[in-house]
file start.cif (mmCIF, C-alpha atoms)
data_input
#
loop_
_atom_site.label_atom_id
_atom_site.label_comp_id
_atom_site.auth_asym_id
_atom_site.auth_seq_id
_atom_site.Cartn_x
_atom_site.Cartn_y
_atom_site.Cartn_z
CA MET L 1 0.00 0.00 0.00
CA GLY L 2 2.68 2.45 0.99
CA VAL L 3 5.10 1.36 -1.68
CA GLY L 4 2.69 2.38 -4.40
CA ASP L 5 2.06 5.69 -2.71
CA ALA L 6 3.59 8.56 -4.69
CA ASN L 7 4.29 10.46 -1.49
CA ALA L 8 6.02 7.44 -0.02
CA GLN L 9 8.29 7.31 -3.05
CA LEU L 10 9.08 10.99 -2.62
CA MET L 11 9.93 10.41 0.99
CA LEU L 12 12.25 7.56 0.08
CA ARG L 13 13.96 9.72 -2.48
CA TYR L 14 14.39 12.47 0.05
CA ALA L 15 15.82 10.04 2.58
CA ALA L 16 18.29 9.01 -0.10
CA GLY L 17 19.49 12.61 -0.34
CA GLU L 18 17.30 14.20 -3.01
CA ALA L 19 16.33 17.55 -1.57
CA ARG L 20 13.87 18.34 -4.36
CA ALA L 21 11.72 15.39 -3.37
CA PHE L 22 11.10 17.04 -0.06
CA ASP L 23 9.95 20.21 -1.79
CA GLU L 24 7.28 18.22 -3.63
CA LEU L 25 6.21 16.50 -0.43
CA TYR L 26 6.04 19.74 1.42
CA ALA L 27 4.01 21.45 -1.29
CA ALA L 28 1.53 18.59 -1.30
CA HIS L 29 0.93 18.57 2.45
CA ARG L 30 1.74 21.99 3.82
CA SER L 31 -1.76 23.47 3.66
CA GLY L 32 -3.64 20.45 4.95
CA LEU L 33 -1.16 19.87 7.73
CA TRP L 34 -1.22 23.52 8.68
CA ARG L 35 -5.02 23.51 8.93
CA PHE L 36 -4.96 20.30 10.91
CA ILE L 37 -2.51 21.78 13.43
CA ARG L 38 -4.17 25.17 13.41
CA ARG L 39 -7.55 23.72 14.32
CA SER L 40 -6.11 21.18 16.69
CA VAL L 41 -4.06 23.49 18.89
CA ARG L 42 -6.45 26.44 18.44
CA ASP L 43 -3.62 28.86 19.09
CA ALA L 44 -2.30 30.99 16.26
CA ALA L 45 1.05 31.57 17.88
CA ALA L 46 1.57 27.93 18.76
CA THR L 47 0.50 26.68 15.35
CA ASP L 48 3.72 27.83 13.70
CA ASP L 49 5.87 26.21 16.38
CA VAL L 50 4.02 22.91 16.22
CA PHE L 51 4.03 22.97 12.42
CA GLN L 52 7.80 23.47 12.29
CA GLU L 53 8.36 20.86 14.97
CA CYS L 54 6.33 18.40 12.94
CA TRP L 55 8.39 18.90 9.81
CA SER L 56 11.58 18.85 11.82
CA ARG L 57 10.66 15.39 13.04
CA VAL L 58 9.92 14.33 9.49
CA ILE L 59 13.36 15.51 8.44
CA ALA L 60 15.12 13.98 11.41
CA ASN L 61 13.41 10.62 10.97
CA ARG L 62 13.67 10.48 7.20
CA GLU L 63 15.97 7.45 7.26
CA ARG L 64 13.68 5.57 9.62
CA TYR L 65 10.67 5.91 7.38
CA ARG L 66 9.44 2.62 5.94
CA PRO L 67 6.80 2.63 3.21
CA GLU L 68 4.68 0.06 4.97
CA ALA L 69 1.90 2.59 5.39
CA ARG L 70 0.85 5.62 3.44
CA PHE L 71 3.04 8.63 3.87
CA ALA L 72 0.06 10.72 4.99
CA THR L 73 -0.60 8.29 7.82
CA TRP L 74 3.00 8.60 8.98
CA LEU L 75 2.99 12.38 8.59
CA TYR L 76 -0.26 12.95 10.47
CA ARG L 77 0.71 10.59 13.21
CA ILE L 78 3.76 12.73 13.76
CA ALA L 79 1.58 15.84 13.65
CA TYR L 80 -0.86 14.39 16.14
CA ASN L 81 2.02 13.56 18.51
CA CYS L 82 3.32 17.10 18.18
CA CYS L 83 -0.12 18.40 19.08
CA MET L 84 -0.23 16.07 22.06
CA ASP L 85 3.11 17.41 23.23
CA HIS L 86 1.79 20.92 22.88
CA TRP L 87 -1.31 20.09 24.89
CA ARG L 88 0.78 18.55 27.61
CA LYS L 89 3.03 21.57 27.79
CA SER L 90 0.22 24.09 27.75
CA GLY L 91 -2.06 22.08 29.99
CA ARG L 92 -4.97 23.04 27.83
CA ARG L 93 -6.09 19.64 26.74
CA ASP L 94 -9.87 19.31 26.74
CA ARG L 95 -11.32 16.85 29.13
CA HIS L 96 -14.47 16.04 27.25
CA GLU L 97 -15.23 12.38 26.92
CA SER L 98 -15.46 11.69 23.24
CA VAL L 99 -17.79 8.73 23.54
CA ASP L 100 -20.07 10.38 25.99
CA ASP L 101 -23.64 9.75 24.97
CA ASP L 102 -24.53 13.25 26.02
CA ALA L 103 -22.08 14.81 23.63
CA ILE L 104 -24.56 15.29 20.85
CA ALA L 105 -27.09 16.83 23.16
CA ALA L 106 -24.46 19.14 24.60
CA ALA L 107 -23.41 20.16 21.15
CA ALA L 108 -26.95 20.85 20.20
CA ASP L 109 -27.35 23.00 23.25
CA GLU L 110 -24.20 24.97 22.44
CA SER L 111 -25.29 25.39 18.86
CA SER L 112 -28.75 26.55 19.81
CA ALA L 113 -27.25 28.97 22.30
CA GLU L 114 -25.25 30.64 19.55
CA PRO L 115 -26.85 33.90 18.34
CA LEU L 116 -28.86 33.21 15.27
CA ASP L 117 -27.84 36.33 13.39
CA ALA L 118 -24.15 35.52 13.80
CA VAL L 119 -24.69 32.05 12.37
CA LEU L 120 -26.65 33.38 9.46
CA ALA L 121 -24.18 36.15 8.69
CA GLY L 122 -21.09 34.02 8.71
CA GLU L 123 -19.79 31.90 5.93
CA ALA L 124 -20.25 28.18 6.21
CA SER L 125 -16.52 27.66 6.53
CA GLU L 126 -16.26 30.06 9.38
CA ARG L 127 -19.12 28.40 11.13
CA LEU L 128 -17.49 25.08 10.58
CA ALA L 129 -14.26 26.42 12.06
CA ALA L 130 -16.17 27.76 15.02
CA ALA L 131 -17.96 24.47 15.51
CA LEU L 132 -14.66 22.64 15.37
CA GLU L 133 -13.37 24.85 18.12
CA ARG L 134 -16.16 23.64 20.36
CA LEU L 135 -15.60 19.95 19.68
CA PRO L 136 -13.82 17.87 22.27
CA GLN L 137 -10.21 17.45 21.37
CA GLU L 138 -10.44 13.71 20.58
CA GLN L 139 -13.41 14.19 18.26
CA ARG L 140 -11.79 17.16 16.60
CA SER L 141 -8.58 15.26 16.00
CA ALA L 142 -10.43 12.29 14.56
CA PHE L 143 -12.43 14.54 12.25
CA LEU L 144 -9.36 16.50 11.09
CA LEU L 145 -7.32 13.37 10.56
CA TYR L 146 -10.12 11.97 8.47
CA VAL L 147 -10.81 15.08 6.40
CA GLU L 148 -7.46 16.88 6.20
CA GLY L 149 -5.13 13.94 6.46
CA GLY L 150 -7.21 11.56 4.42
CA LEU L 151 -6.70 8.83 6.98
CA SER L 152 -9.05 5.91 7.19
CA VAL L 153 -10.80 4.98 10.43
CA ALA L 154 -8.21 2.29 11.07
CA GLU L 155 -5.39 4.71 10.40
CA ILE L 156 -6.95 7.25 12.75
CA GLY L 157 -7.06 4.61 15.43
CA GLU L 158 -3.42 3.79 14.74
CA ALA L 159 -2.36 7.41 14.79
CA THR L 160 -4.18 8.24 18.01
CA GLY L 161 -3.37 5.03 19.80
CA GLU L 162 -6.94 3.83 19.97
CA ASN L 163 -8.75 0.96 18.31
CA ALA L 164 -10.75 1.42 15.14
CA GLU L 165 -14.12 1.28 16.90
CA THR L 166 -13.21 4.12 19.22
CA ALA L 167 -11.94 6.14 16.29
CA LYS L 168 -15.11 5.47 14.34
CA SER L 169 -17.27 6.48 17.30
CA ARG L 170 -15.37 9.73 17.77
CA LEU L 171 -15.69 10.48 14.12
CA ARG L 172 -19.41 9.83 14.11
CA TYR L 173 -20.06 12.08 17.07
CA ALA L 174 -17.92 14.81 15.58
CA VAL L 175 -19.81 14.81 12.31
CA ALA L 176 -23.13 14.82 14.09
CA ARG L 177 -22.22 17.89 16.10
CA LEU L 178 -20.79 19.71 13.11
CA LYS L 179 -23.93 19.01 11.10
CA GLN L 180 -25.99 20.38 13.88
CA ALA L 181 -23.89 23.51 13.95
CA LEU L 182 -24.06 24.06 10.20
CA GLY L 183 -27.73 23.21 9.83
CA ASN L 184 -28.85 23.16 6.27
CA GLU L 185 -25.40 24.11 4.98
CA ALA L 186 -23.82 20.96 6.31
CA PRO L 187 -22.59 18.54 3.66
CA ASP L 188 -24.51 15.36 3.25
CA MET Y 1 -17.89 9.76 -4.43
CA GLU Y 2 -16.23 7.93 -1.61
CA GLU Y 3 -17.27 4.54 -0.50
CA LYS Y 4 -19.29 4.33 2.69
CA ASP Y 5 -17.52 1.47 4.36
CA ILE Y 6 -16.06 1.19 7.81
CA ASN Y 7 -12.97 3.16 6.88
CA ALA Y 8 -14.85 5.98 5.10
CA PRO Y 9 -18.13 6.53 6.91
CA PHE Y 10 -18.87 9.82 5.09
CA PRO Y 11 -17.41 11.77 2.17
CA ARG Y 12 -14.38 13.94 2.95
CA GLU Y 13 -14.36 16.35 0.05
CA PRO Y 14 -17.31 18.59 0.99
CA TRP Y 15 -15.96 19.03 4.47
CA LYS Y 16 -12.46 19.60 3.15
CA ARG Y 17 -13.68 22.31 0.79
CA LEU Y 18 -15.32 24.08 3.67
CA LEU Y 19 -12.14 23.92 5.70
CA GLU Y 20 -10.00 25.13 2.79
CA ASP Y 21 -12.22 28.15 2.35
CA ALA Y 22 -10.93 29.48 5.61
CA GLY Y 23 -7.70 30.26 3.75
CA ASP Y 24 -5.27 29.21 6.45
CA ALA Y 25 -1.74 28.57 5.25
CA PRO Y 26 1.71 28.67 6.80
CA PRO Y 27 3.61 31.93 6.40
CA GLU Y 28 6.26 32.09 3.71
CA THR Y 29 9.01 32.50 6.26
CA THR Y 30 8.01 29.22 7.81
CA ASP Y 31 8.02 27.57 4.40
CA ALA Y 32 11.49 28.90 3.66
CA ARG Y 33 12.83 27.85 7.04
CA ILE Y 34 11.53 24.30 6.75
CA ARG Y 35 12.78 23.86 3.19
CA ALA Y 36 16.20 25.19 4.13
CA SER Y 37 16.34 22.82 7.07
CA ALA Y 38 15.42 19.92 4.82
CA ARG Y 39 18.11 20.81 2.30
CA LYS Y 40 20.72 21.24 4.99
CA ALA Y 41 19.89 17.85 6.46
CA VAL Y 42 20.73 16.03 3.25
CA THR Y 43 23.79 18.10 2.36
CA PRO Y 44 26.73 15.73 2.04
CA HIS Y 45 29.07 16.05 4.95
CA ALA Y 46 32.04 15.56 2.68
CA ALA Y 47 31.62 19.14 1.62
CA ARG Y 48 32.61 20.15 5.12
CA TRP Y 49 36.10 18.72 4.89
CA TRP Y 50 37.54 22.09 5.80
CA VAL Y 51 35.94 21.86 9.24
CA HIS Y 52 37.88 18.74 10.03
CA ALA Y 53 41.04 20.15 8.50
CA GLY Y 54 40.68 23.30 10.57
CA LEU Y 55 40.20 21.32 13.76
CA ALA Y 56 43.25 19.21 13.05
CA ALA Y 57 45.37 22.27 12.31
CA SER Y 58 44.18 23.97 15.49
CA PHE Y 59 45.13 20.91 17.50
CA VAL Y 60 48.61 20.81 16.01
CA VAL Y 61 49.15 24.51 16.67
CA ALA Y 62 47.94 24.09 20.25
CA VAL Y 63 50.38 21.24 20.83
CA VAL Y 64 53.27 23.23 19.40
CA ILE Y 65 52.43 26.24 21.55
CA ALA Y 66 52.09 24.09 24.64
CA GLN Y 67 55.47 22.52 23.99
CA ALA Y 68 57.04 25.92 23.46
CA LEU Y 69 55.55 27.30 26.65
CA PHE Y 70 55.84 24.38 29.02
CA GLY Y 71 58.08 21.86 27.37
CA GLY Y 72 61.30 23.90 27.65
CA GLY Y 73 62.61 22.23 24.54
CA GLY Y 74 61.90 18.81 25.95
CA LYS Y 75 64.00 19.45 29.06
CA HIS Y 76 61.31 18.84 31.59
CA PRO Y 77 62.80 16.97 34.56
CA ALA Y 78 60.52 14.06 33.88
CA GLY Y 79 61.83 13.92 30.36
CA GLU Y 80 65.52 14.11 31.11
CA SER Y 81 67.81 11.36 30.18
CA LYS Y 82 69.02 8.88 32.73
CA VAL Y 83 72.47 10.37 32.75
CA ASP Y 84 71.08 13.82 33.35
CA VAL Y 85 68.99 12.60 36.21
CA GLU Y 86 71.91 10.87 37.81
CA LEU Y 87 74.15 13.87 37.49
CA PHE Y 88 71.47 16.27 38.58
CA ASP Y 89 71.27 14.70 41.97
CA GLY Y 90 68.59 16.26 44.08
CA ARG Y 91 70.85 16.27 47.12
CA ASP Y 92 73.33 18.45 45.33
CA ALA Y 93 70.64 20.70 44.03
CA ILE Y 94 68.84 21.37 47.24
CA SER Y 95 71.48 20.88 49.90
CA PRO Y 96 72.79 24.13 51.29
CA PRO Y 97 76.42 24.92 50.79
CA PRO Y 98 78.68 23.54 53.47
CA PRO Y 99 79.52 25.82 56.31
CA PRO Y 100 82.63 27.86 55.66
CA GLU Y 101 84.30 26.42 58.73
CA ALA Y 102 83.95 22.91 57.46
CA ALA Y 103 85.29 23.88 54.08
CA ALA Y 104 88.24 25.63 55.59
CA ALA Y 105 88.98 22.69 57.86
CA SER Y 106 88.84 20.35 54.95
CA LEU Y 107 91.14 22.60 53.05
CA ARG Y 108 93.66 22.68 55.83
CA LYS Y 109 93.52 18.97 56.19
CA GLU Y 110 93.94 18.27 52.53
CA ALA Y 111 96.61 20.85 51.87
CA PRO Y 112 99.64 18.77 52.87
CA ARG Y 113 98.33 15.79 50.99
CA ALA Y 114 97.50 17.66 47.85
CA ALA Y 115 100.80 17.02 46.21
CA GLY Y 116 100.64 13.36 46.92
CA GLN Y 117 97.18 13.08 45.56
CA ALA Y 118 97.90 15.01 42.44
CA ALA Y 119 98.37 11.90 40.42
CA THR Y 120 94.95 10.61 41.30
CA VAL Y 121 93.01 13.81 41.06
CA GLU Y 122 90.20 13.70 38.60
CA PRO Y 123 90.51 16.04 35.70
CA GLU Y 124 88.51 19.15 36.14
CA GLU Y 125 86.62 20.58 33.28
CA TYR Y 126 85.43 23.74 34.89
CA GLU Y 127 87.37 26.89 35.19
CA GLU Y 128 89.24 27.66 38.30
CA PRO Y 129 87.43 30.43 40.10
CA ALA Y 130 89.34 33.38 41.33
CA VAL Y 131 89.95 33.69 44.98
CA GLY Y 132 87.52 36.53 45.37
CA GLU Y 133 84.89 34.55 43.59
CA ALA Y 134 85.23 31.45 45.68
CA ALA Y 135 82.50 32.23 48.15
CA GLU Y 136 80.18 33.39 45.44
CA THR Y 137 80.74 30.21 43.54
CA GLU Y 138 79.78 28.25 46.57
CA VAL Y 139 76.58 30.14 47.01
CA THR Y 140 75.50 29.70 43.46
CA GLY Y 141 75.46 26.06 44.15
CA SER Y 142 75.14 23.08 41.96
CA ARG Y 143 77.64 22.42 39.30
CA ILE Y 144 77.97 18.98 37.97
CA GLY Y 145 81.21 17.28 38.80
CA GLY Y 146 84.10 17.74 41.18
CA PRO Y 147 83.17 20.80 43.21
CA GLU Y 148 80.03 19.25 44.53
CA ARG Y 149 81.78 16.09 45.42
CA GLU Y 150 84.49 17.98 47.23
CA ARG Y 151 82.00 20.22 48.91
CA ARG Y 152 80.21 17.21 50.18
CA ALA Y 153 83.45 15.81 51.48
CA ALA Y 154 84.13 19.07 53.22
CA SER Y 155 80.75 19.13 54.84
CA GLU Y 156 81.05 15.54 55.95
CA ALA Y 157 84.56 15.91 57.24
CA PRO Y 158 85.04 16.13 60.98
CA GLU Y 159 85.71 19.50 62.37
CA GLU Y 160 89.43 18.96 62.69
CA SER Y 161 91.70 21.87 62.54
CA TYR Y 162 95.25 21.58 61.45
CA PHE Y 163 96.10 24.26 63.95
CA THR Y 164 94.15 23.04 66.89
CA ASN Y 165 96.81 24.16 69.33
CA ASP Y 166 96.89 27.69 68.06
CA PRO Y 167 94.92 30.37 69.78
CA PRO Y 168 92.22 31.78 67.58
CA SER Y 169 93.71 34.76 65.90
CA GLU Y 170 92.18 37.38 63.66
CA GLU Y 171 93.69 35.78 60.65
CA SER Y 172 92.32 32.39 61.51
CA LYS Y 173 88.89 33.88 61.86
CA GLU Y 174 89.25 35.40 58.46
CA LEU Y 175 90.45 32.12 57.17
CA SER Y 176 87.43 30.36 58.60
CA ASN Y 177 85.19 32.61 56.59
CA VAL Y 178 86.78 31.58 53.37
CA VAL Y 179 85.06 29.02 51.24
CA VAL Y 180 87.26 27.36 48.72
CA THR Y 181 86.36 24.82 46.19
CA GLY Y 182 88.44 21.80 45.61
CA SER Y 183 89.15 22.78 42.09
CA ARG Y 184 91.71 25.26 43.24
CA ALA Y 185 93.48 22.66 45.30
CA ASP Y 186 93.52 20.28 42.41
CA ALA Y 187 94.84 22.88 40.06
CA ALA Y 188 97.54 23.81 42.48
CA ALA Y 189 98.48 20.19 42.95
CA GLU Y 190 98.74 19.59 39.27
CA GLU Y 191 100.97 22.55 38.64
CA SER Y 192 103.21 22.19 41.64
CA ALA Y 193 106.16 20.24 40.42
CA ASP Y 194 107.99 21.25 43.55
CA SER Y 195 105.31 19.84 45.82
CA GLN Y 196 103.91 23.21 46.58
CA THR Y 197 100.38 22.90 47.85
CA LEU Y 198 97.28 24.86 47.35
CA ALA Y 199 97.01 26.23 50.84
CA GLY Y 200 99.23 29.19 50.17
CA ALA Y 201 97.17 30.27 47.28
CA VAL Y 202 93.98 30.40 49.20
CA ALA Y 203 94.85 32.69 52.04
CA PRO Y 204 92.21 35.27 52.64
CA ALA Y 205 94.44 38.11 53.74
CA PRO Y 206 96.11 40.19 51.06
CA TRP Y 207 99.57 39.23 52.18
CA ARG Y 208 98.76 35.58 51.79
CA THR Y 209 97.97 35.92 48.14
CA THR Y 210 101.53 35.15 47.23
CA PRO Y 211 104.33 33.62 49.31
CA GLU Y 212 106.41 36.75 48.76
CA ASP Y 213 103.77 38.97 50.33
CA TRP Y 214 103.18 36.49 53.11
CA TYR Y 215 106.88 36.30 53.86
CA ALA Y 216 107.12 40.10 53.83
CA ARG Y 217 104.25 40.28 56.28
CA ILE Y 218 105.97 37.93 58.67
CA VAL Y 219 109.16 39.98 58.47
CA ALA Y 220 107.15 43.12 59.18
CA LEU Y 221 105.52 41.52 62.22
CA ARG Y 222 108.89 40.48 63.51
CA LYS Y 223 110.28 43.96 63.07
CA ALA Y 224 107.29 45.40 64.83
CA GLY Y 225 108.01 43.24 67.83
CA LYS Y 226 104.95 41.08 67.46
CA ASN Y 227 106.88 37.93 67.85
CA ALA Y 228 104.04 35.69 68.94
CA GLU Y 229 101.99 36.69 66.00
CA ALA Y 230 104.97 36.40 63.72
CA ASP Y 231 105.70 32.91 65.00
CA ALA Y 232 102.14 31.78 64.40
CA GLU Y 233 102.11 33.27 60.95
CA LEU Y 234 105.49 31.71 60.18
CA LYS Y 235 104.22 28.35 61.26
CA ARG Y 236 101.29 28.64 58.93
CA PHE Y 237 103.55 29.85 56.17
CA GLU Y 238 105.89 26.93 56.53
CA THR Y 239 102.99 24.61 56.50
CA ALA Y 240 101.59 26.12 53.38
CA TRP Y 241 104.90 26.69 51.60
CA PRO Y 242 107.34 24.31 53.28
CA ASP Y 243 110.18 24.64 50.75
CA TRP Y 244 109.68 28.17 49.58
CA MET Y 245 112.30 29.84 51.78
CA LYS Y 246 114.86 27.19 50.96
CA GLN Y 247 114.24 27.44 47.25
CA HIS Y 248 114.41 31.18 47.27
CA GLY Y 249 117.27 31.43 49.66
CA LYS Y 250 115.31 33.40 52.22
CA PRO Y 251 116.29 33.28 55.87
CA ARG Y 252 113.77 32.22 58.45
CA PRO Y 253 112.34 35.47 59.81
#
call {"tool": "encode", "arguments": {"input": "start.cif", "output": "structure tokens"}}
result
Amino acid sequence: MGVGDANAQLMLRYAAGEARAFDELYAAHRSGLWRFIRRSVRDAAATDDVFQECWSRVIANRERYRPEARFATWLYRIAYNCCMDHWRKSGRRDRHESVDDDAIAAAADESSAEPLDAVLAGEASERLAAALERLPQEQRSAFLLYVEGGLSVAEIGEATGENAETAKSRLRYAVARLKQALGNEAPD
Amino acid sequence: MEEKDINAPFPREPWKRLLEDAGDAPPETTDARIRASARKAVTPHAARWWVHAGLAASFVVAVVIAQALFGGGGKHPAGESKVDVELFDGRDAISPPPPPEAAAASLRKEAPRAAGQAATVEPEEYEEPAVGEAAETEVTGSRIGGPERERRAASEAPEESYFTNDPPSEESKELSNVVVTGSRADAAAEESADSQTLAGAVAPAPWRTTPEDWYARIVALRKAGKNAEADAELKRFETAWPDWMKQHGKPRP
């Protein structure tokens, strides 16, 4: 799977000393990874630090990379670990239980409490970003890994250290809350 | 359209488009920094040969400077040859010079025997110090070879005066302050074909510098009526220069 991955081949070429391969890799993943980190850490100043730390680890571990999995899985696992380190350092990690059955109801309450005119005036993307901010950290990470990183449920479980069922549950709750927040503008 | 299986429970693209519309992207400075770091990481280290060469050159220069400053041309005591260490005996180097009395006593004792020992005297390679420089030479201390050995002999010799029966006179006190190295005695012994000894050449008083002056001094004492002093001086003179008056046809004053 990873061997046939174009990004995995680029990573192998970079590990072999081809600097231009890294430029292609970076161009392909910089925006998605930035958004993932930006929405995960929810701190503009820290986003740049975590983003650079993530790529520094990619560079430092280039020779240890094995194309047994997709490059994106490897990259976003590193990014998720960097975010975890940031949360530990800042002590700001959310304590919401991702599989709490009351999560959807709580999200609905938060969404309904939001001023209606602000929701209507904002763009859908901004409302999505705002709704992401309110998600518990585990659900937000699962959603971002799925959407931005392109990871499968199994890969999300691998990246976050949980099993696939837990990852799938987190993902389901996250989408439900985001749909509630976006209303009719939510994707199907 | 993405498949709705366990690994893709809902389509990503609509959500991704919404997220991309937010327009977040890393700043260009961050891009440049990361790319530069990536290029630097894969730069061949062989291109940095000059770093290693510079370090090696610095090490060599440091060693040379250290040797120049502390090595003393490789003459550190720990690095001296065996011969040097043996000759540079610590006892000679740190032992104080023998007391002048002991040296003078040794001189008096050895004076009559100097001629007899001339054949067995070790050759001296150092210059014979002048009489006025004798004490100074002693103070300056260690010289490799005969003087140290003779000095040691003088310091170890019993305090035995050749004139033990004589009352201590002014001249004898002056004589006791004189420190003479054995080199002078050896030189005198070697050059005295007529068995003249070194004692006469080492007198401290001006009139004892030469036998002529010494003899004149004794005559003057006798004329002045200082017979006791003249007798003592004559006795010393005859001891130091036993055949001088006979050889020069001088009467006994």
call {"tool": "residues_around", "arguments": {"input": "start.cif", "residues": "segment 40-45 of chain Y", "least_positions_apart": "2", "cutoff": "12 Å", "atoms": "only C-alpha atoms", "output": "number ranges by chain"}}
result
L: 13-22, 56-63; Y: 33-38, 47-52
call {"tool": "interface_residues", "arguments": {"input": "start.cif", "of": "chain L", "to": "chain Y", "cutoff": "7 Å", "atoms": "all atoms listed in the file", "output": "CSV table (one decimal) with C-alpha atoms, keeping the file's coordinate frame"}}
result
chain,number,residue,atom,x,y,z
L,17,GLY,CA,19.5,12.6,-0.3
L,19,ALA,CA,16.3,17.6,-1.6
L,23,ASP,CA,10.0,20.2,-1.8
L,31,SER,CA,-1.8,23.5,3.7
L,34,TRP,CA,-1.2,23.5,8.7
L,35,ARG,CA,-5.0,23.5,8.9
L,52,GLN,CA,7.8,23.5,12.3
L,55,TRP,CA,8.4,18.9,9.8
L,59,ILE,CA,13.4,15.5,8.4
L,124,ALA,CA,-20.2,28.2,6.2
L,125,SER,CA,-16.5,27.7,6.5
L,126,GLU,CA,-16.3,30.1,9.4
L,147,VAL,CA,-10.8,15.1,6.4
L,148,GLU,CA,-7.5,16.9,6.2
L,152,SER,CA,-9.0,5.9,7.2
L,153,VAL,CA,-10.8,5.0,10.4
L,154,ALA,CA,-8.2,2.3,11.1
L,187,PRO,CA,-22.6,18.5,3.7
call {"tool": "resolve_selection", "arguments": {"input": "start.cif", "expression": "the PyMOL selection byres ((chain Y and resi 235) around 12)", "output": "PyMOL selection string"}}
result
chain Y and resi 162-163+165-166+214-215+218+227-234+236-242+252-253
call {"tool": "write_last_selection", "arguments": {"input": "start.cif", "atoms": "C-alpha atoms", "output": "mmCIF file, in the frame of the given file"}}
result
data_model
loop_
_atom_site.group_PDB
_atom_site.id
_atom_site.type_symbol
_atom_site.label_atom_id
_atom_site.label_comp_id
_atom_site.auth_asym_id
_atom_site.auth_seq_id
_atom_site.Cartn_x
_atom_site.Cartn_y
_atom_site.Cartn_z
ATOM 1 C CA TYR Y 162 95.250 21.580 61.450
ATOM 2 C CA PHE Y 163 96.100 24.260 63.950
ATOM 3 C CA ASN Y 165 96.810 24.160 69.330
ATOM 4 C CA ASP Y 166 96.890 27.690 68.060
ATOM 5 C CA TRP Y 214 103.180 36.490 53.110
ATOM 6 C CA TYR Y 215 106.880 36.300 53.860
ATOM 7 C CA ILE Y 218 105.970 37.930 58.670
ATOM 8 C CA ASN Y 227 106.880 37.930 67.850
ATOM 9 C CA ALA Y 228 104.040 35.690 68.940
ATOM 10 C CA GLU Y 229 101.990 36.690 66.000
ATOM 11 C CA ALA Y 230 104.970 36.400 63.720
ATOM 12 C CA ASP Y 231 105.700 32.910 65.000
ATOM 13 C CA ALA Y 232 102.140 31.780 64.400
ATOM 14 C CA GLU Y 233 102.110 33.270 60.950
ATOM 15 C CA LEU Y 234 105.490 31.710 60.180
ATOM 16 C CA ARG Y 236 101.290 28.640 58.930
ATOM 17 C CA PHE Y 237 103.550 29.850 56.170
ATOM 18 C CA GLU Y 238 105.890 26.930 56.530
ATOM 19 C CA THR Y 239 102.990 24.610 56.500
ATOM 20 C CA ALA Y 240 101.590 26.120 53.380
ATOM 21 C CA TRP Y 241 104.900 26.690 51.600
ATOM 22 C CA PRO Y 242 107.340 24.310 53.280
ATOM 23 C CA ARG Y 252 113.770 32.220 58.450
ATOM 24 C CA PRO Y 253 112.340 35.470 59.810
#
call {"tool": "atom_distance", "arguments": {"input": "start.cif", "atom1": "atom CA of Val50 of chain L", "atom2": "atom CA of Cys82 of chain L"}}
result
6.2 Å
call {"tool": "atom_distance", "arguments": {"input": "start.cif", "atom1": "atom CA of Glu24 of chain L", "atom2": "atom CA of Cys83 of chain L"}}
result
23.9 Å
call {"tool": "axis_aligned_box", "arguments": {"input": "start.cif", "around": "segment 41-54 of chain L", "padding_each_side": "4 Å", "output": "AutoDock Vina command-line options"}}
result
--center_x 1.0 --center_y 25.0 --center_z 15.7 --size_x 22.8 --size_y 21.2 --size_z 14.8
call {"tool": "closest_residue", "arguments": {"input": "start.cif", "among": "L:Thr73, L:Gln9, L:Asn81, L:Gln139", "to": "Arg177 of chain L", "atoms": "only C-alpha atoms"}}
result
L:Gln139
call {"tool": "resolve_selection", "arguments": {"input": "start.cif", "expression": "the PyMOL selection byres ((chain L and resi 70) around 12)", "output": "PyMOL selection string"}}
result
chain L and resi 1-11+65-69+71-77+149-152+155+159
call {"tool": "atom_distance", "arguments": {"input": "start.cif", "atom1": "atom CA of Gln180 of chain L", "atom2": "atom CA of Lys168 of chain L"}}
result
18.5 Å
call {"tool": "decode", "arguments": {"input": "start.cif", "residues": "segment 141-147 of chain L", "atoms": "N, CA and C atoms", "output": "PDB file, in the first residue's frame"}}
result
ATOM      1  N   SER L 141      -9.746  15.883  16.630  1.00  0.00           N
ATOM      2  CA  SER L 141      -8.583  15.259  15.998  1.00  0.00           C
ATOM      3  C   SER L 141      -9.015  14.165  15.033  1.00  0.00           C
ATOM      4  N   ALA L 142      -9.975  13.359  15.447  1.00  0.00           N
ATOM      5  CA  ALA L 142     -10.435  12.287  14.563  1.00  0.00           C
ATOM      6  C   ALA L 142     -11.030  12.864  13.281  1.00  0.00           C
ATOM      7  N   PHE L 143     -11.829  13.931  13.438  1.00  0.00           N
ATOM      8  CA  PHE L 143     -12.431  14.543  12.247  1.00  0.00           C
ATOM      9  C   PHE L 143     -11.362  15.139  11.328  1.00  0.00           C
ATOM     10  N   LEU L 144     -10.403  15.855  11.921  1.00  0.00           N
ATOM     11  CA  LEU L 144      -9.365  16.500  11.091  1.00  0.00           C
ATOM     12  C   LEU L 144      -8.447  15.470  10.437  1.00  0.00           C
ATOM     13  N   LEU L 145      -8.148  14.414  11.166  1.00  0.00           N
ATOM     14  CA  LEU L 145      -7.317  13.369  10.556  1.00  0.00           C
ATOM     15  C   LEU L 145      -8.047  12.710   9.388  1.00  0.00           C
ATOM     16  N   TYR L 146      -9.328  12.604   9.535  1.00  0.00           N
ATOM     17  CA  TYR L 146     -10.117  11.973   8.470  1.00  0.00           C
ATOM     18  C   TYR L 146     -10.243  12.896   7.258  1.00  0.00           C
ATOM     19  N   VAL L 147     -10.549  14.149   7.510  1.00  0.00           N
ATOM     20  CA  VAL L 147     -10.809  15.077   6.405  1.00  0.00           C
ATOM     21  C   VAL L 147      -9.518  15.653   5.832  1.00  0.00           C
TER      22      VAL L 147
END
